[in-house]
Amino acid sequence: MLNMNRRNVDYIARYNERSSYPLVDNKLKTKLVVAEYGVKTPKLLQVVRQQHEISHFREMAEDLAGFAIKPAKGSGGKGITVITGRDGDEYIKASGSRVDSPFLERHLTNILAGLYSLAGTPDVAIVENLVESAPSLAKYSHQGVPDIRIIVFQGYPVMAMLRLATTASDGKANLHQGAVGVGLDIGSGQGLNAVQFNRPITLHPDTGLALENIQIEAWDEMLEMASRCYEATGLGYMGVDLVVDANEGPLLLELNARPGLAIQMANGRGLLPRLRAIEALKRPHFTPLERSRFAMETFASN
Amino acid sequence: MTTRSRLPFYIAVFLLISAGISLAVWRHVELGIPWLTGEQRPVWMVEARIDFDAVDGSVLASLNIPEQPPGFRILTEQAASPGYGFSIIDTSGSRRAEWSKREVSGPQTLYFKAQFIPDPDAGPEIPAREPKTPRTFWEEPEATAVQEILSQAEARSSTPESMTRELIRLMQPDSRTQNTTLLVSEENYLDLLVDMLNHSGIAARTADGLRLEDARRRQQLMPYLQIYNGKRWLTFNPKTAEQGVPEDLLLWRQGAASLLDVVGGENSEVSFSMLRQTVPALQLATMESAANGLGFLSFYELPIEEQSMFRMLLLLPLGALMVAFMRIVIGIRTSGTFMPVLIAVAFVQTTLVPGLIAFLSVVSIGLLMRGYLSSLNLLLVSRISALIILVIFITAGLSIIGYQMGFNTGMTVTFFPMVIIAWTIERMSILWEEEGAHEVMVQGAGSLFVAICAYLLMSAPLAGHLTFNFPELHLVILGLILLMGQYTGYKLSELRRFTPMKAYD
């Protein structure tokens with residue numbers, strides 16, 4: 001098992017350059033930099049940088065059905081508001097509640113003031129196209145979009161899990177808030193076992209669906225996308241969060257320079273042996289494709 | 001990305017820790033700063049009282065005072081003598097206290113007080129030059145008698161020490177022969193001994209010693225014999241030939257010609273009284289540090305106000321160590337990294353229970369008010385600023401209400417850092433909204449637990465004593481914290497977190 005102290009000292013501190021942090025801590029920068037490496041992200045609709053630009057937001061949002069407002073420097077999903085539809089002048093949030101546009105404008109103001117940013121520093125708000133989850137995965141999740149977390153170590157995808165929102169997690173995909181984590185076999189994208197609140201489960205607590213037979217589509221494409229983020233950011237140890245859009249396929253949601261350890265619980269396996277195996281490689285592979293192939297062969301569970 | 005060898009790091013940490021410990025040990029040995037609080041050291045307070053009758057006119061009284069007596073160190077010296085000018089005169093080989101006054105008549109009393117610390121290592125400096133041995137001229141028949149006794153003693157001895165012992169033995173009344181009876185009379189015994197030793201080429205002199213006994217008054221000095229053996233002066237009891245200075249013997253006069261000179265007075269005499277006192281070892285070290293070359297390494301010479309400030313500041317590393325340990329090794333979640341330390345510092349000033357009550361009430365009232373603020377949708381900076389003002393109102397209110405109700409403890413609220421409390425409330429409130437009350441309880445209880453642990457550590461008298469008097473021990477704390485920064489093992493709390501994983505093994 002990889003523990004918190006070892007993750008911080010031996011992996012994050014050693015393999016992640018400080019100078020690369022702003023790249024992943026700022027979603028806007030992430031979007032721009034990974035685009036150069038052919039990694040797709042949800043379409044950027046608007047960037048609100050100044051208080052006076054908020055007035056443009058209403059014009060822009062006029063003809064949109066669904067979108068997501070995110071603070072660029074937010075962490076842990078804080079400050080993200082997802083609008084799924086319209087009802088007259090009111091917007092419908094993912095949770096089903098209705099809000100009016102002054103509410104959204106106030107939310108934007110809060111984001112600019114740095115309410116959700118990591119160090120309370122002034123922030124910018126980004127408005128993105130709404131991700132429509134592929135129905136094969138969406139059925140497992142209670143509200144929210146299921147996302148896939150892949151740990152990428154020195155460009156090799158080493159471990160992955162699917163995160164499903166629950167009522168307990170309030171539609172968020174954060175494991176410590178009660179979301180379900182399903183470990184995924186790196187070799188095939190097949191579900192391994194699932195945990196909620198660190199305890200193994202077999203059925204989704206809300207939808208009641210069995211979690212064993214989950215199969216992620218376009219798995220090798222996603223792994224290659226994840227390994228490509230290594231070239232884009234230079235971070236040796238990071239978490240790559242992907243979603244599968246019904247229309248556009250796999251999209252990158254965000255990168256994380258300090259990915260949590262709960263993925264080990266979801267997989268029922270420790271990260272440490274896999275990280276050691278990568279560290280022991282004498283001749284690392286140079287292309288993302290080679291690396292993801294290598295990982296699929298080496299870390300497959302069967 | 002290369003893995004740097006950690007050896008230099010560990011060597012540096014080892015050096016830090018060993019430097020800290022060895023500096024502390026060195027200062028303990030050199031300055032006598034005690035390891036524990038409340039350690040007591042005996043100190044002898046000796047008072048010399050000079051009485052004389054002044055013949056009308058001016059008076060100059062000069063008393064020989066100890067200079068590096070073997071087995072003792074001088075701590076303080078003072079003179080009490082109304083109307084007299086006083087000074088201590090240091091000439092080669094002797095220190096003298098001098099009193100002077102222009103117009104004096106009638107009986108006079110002068111006092112000289114000194115404190116002595118027993119110290120087995122203390123001793124006189126080694127004389128730079130060999131002392132001279134003046135030869136005495138004796139008339140016949142004494143000359144022959146001296147010659148015979150000396151040759152007799154010389155025949156039975158090999159060193160200056162044994163020669164002295166033999167000579168003393170030969171001069172004793174029970175072993176007296178014709179020769180000695182001829183020479184010795186009661187008054188001149190010691191002077192004769194000195195003259196004879198000098199005559200035989202061994203430098204000798206007299207010394208006066210004071211037997212230290214608790215609460216004695218009107219004691220007189222006892223004469224001793226000192227000889228020079230080529231390296232240093234040795235002390236002998238002229239009656240028993242016993243060599244060395246007993247522990248309870250303070251040599252008041254060594255080497256100087258006279259004990260007391262009074263010009264312009266008569267019937268002068270000196271008597272001594274003494275008292276055994278105990279002084280805290282720390283106070284002793286403080287008093288001596290100024291005189292010692294190592295004094296600059298300590299805080300004792302700073303103004304008292306700064307000293308008390310440093311007392312507080314130097315406790316902080318202990319709190320930081322506690323927080324680092326609790327978070328890295330135990331894995332307790334706290335709200336704000338070093339908030340617990342600052343709370344603990346406040347607890348040190350308020351004491352624990354009143355501090356806890358005050359802290360909890362301020363934070364809970366603040367959380368209630370913050371609930372209203374959050375419905376106003378204010379910007380972050382103005383919300384925090386408003387919160388700071390509210391926290392000041394709360395503390396003022398609690399102080400006034402507490403005081404009117406007769407609880408002085410209400411006043412202790414003011415020791416809490418307002419800004420820190422405001423931030424704590426803000427963070428807790430956001431945590432409440434985002435993660436629920438449970439997480440607030442976990443982090444709040446964690447913070448308080450760490451704060452209480454840090455408080456217990458910092459308020460221990462020994463901790464305050466060691467951190468202030470051995471500031472170099474902070475190097476050890478620094479080393480420990482650096483070491484913890486390299487700790488990659490499991491946290492205690494992770495062992496619990498990862499238990500479900502056992503199922504897969």
# chains A, B, ... in the order shown; residues from 1 in each chain; ligands from 1
$ residues_around --residues "Leu23 of chain A" --least-positions-apart "6" --cutoff "9 Å" --atoms "only C-alpha atoms" --output "PyMOL selection string"
chain A and resi 29-30+33+233+255
$ interface_residues --of "chain B" --to "chain A" --cutoff "12 Å" --atoms "only C-alpha atoms" --output "ChimeraX atom specification"
/B:1-4,6,324,327-331,374,376-384,423,426-427,430-431,433-436,438-439,483-505
$ select_by_dssp --residues "segment 258-505 of chain B" --states "alpha helix (DSSP H)" --output "PyMOL selection string"
chain B and resi 281-289+304-313+316-324+339-350+352-375+380-404+418-435+437-459+461-469+473-484+492-497
$ select_by_dssp --residues "segment 34-253 of chain A" --states "strand (DSSP E)" --output "PyMOL selection string"
chain A and resi 44-48+67-71+81-87+90-93+98-99+125-129+147-153+156-164+180-184+191-196+199-201+237-245+249-253
$ residues_around --residues "Glu224 of chain A" --least-positions-apart "5" --cutoff "12 Å" --atoms "only C-alpha atoms" --output "PyMOL selection string"
chain A and resi 37-39+150+152+155-158+186+218-219+229-231+240+242+250+252+287-296
$ closest_residue --among "A:Ser95, A:Ser227, A:Asn129, A:Asn213" --to "Gly171 of chain A" --atoms "only C-alpha atoms"
A:Ser95
$ closest_residue --among "B:Ile168, B:Ala281, B:Ile149, B:Ala19" --to "Arg41 of chain B" --atoms "only C-alpha atoms"
B:Ala281
$ closest_residue --among "B:Ser364, B:Asn229, B:Gln68, B:Gln404" --to "Ile421 of chain B" --atoms "only C-alpha atoms"
B:Ser364
$ residues_around --residues "segment 96-103 of chain A" --least-positions-apart "6" --cutoff "8 Å" --atoms "only C-alpha atoms" --output "PyMOL selection string"
chain A and resi 58+89-90
$ atom_distance --atom1 "atom CA of Ile214 of chain A" --atom2 "atom CA of Leu192 of chain A"
8.4 Å
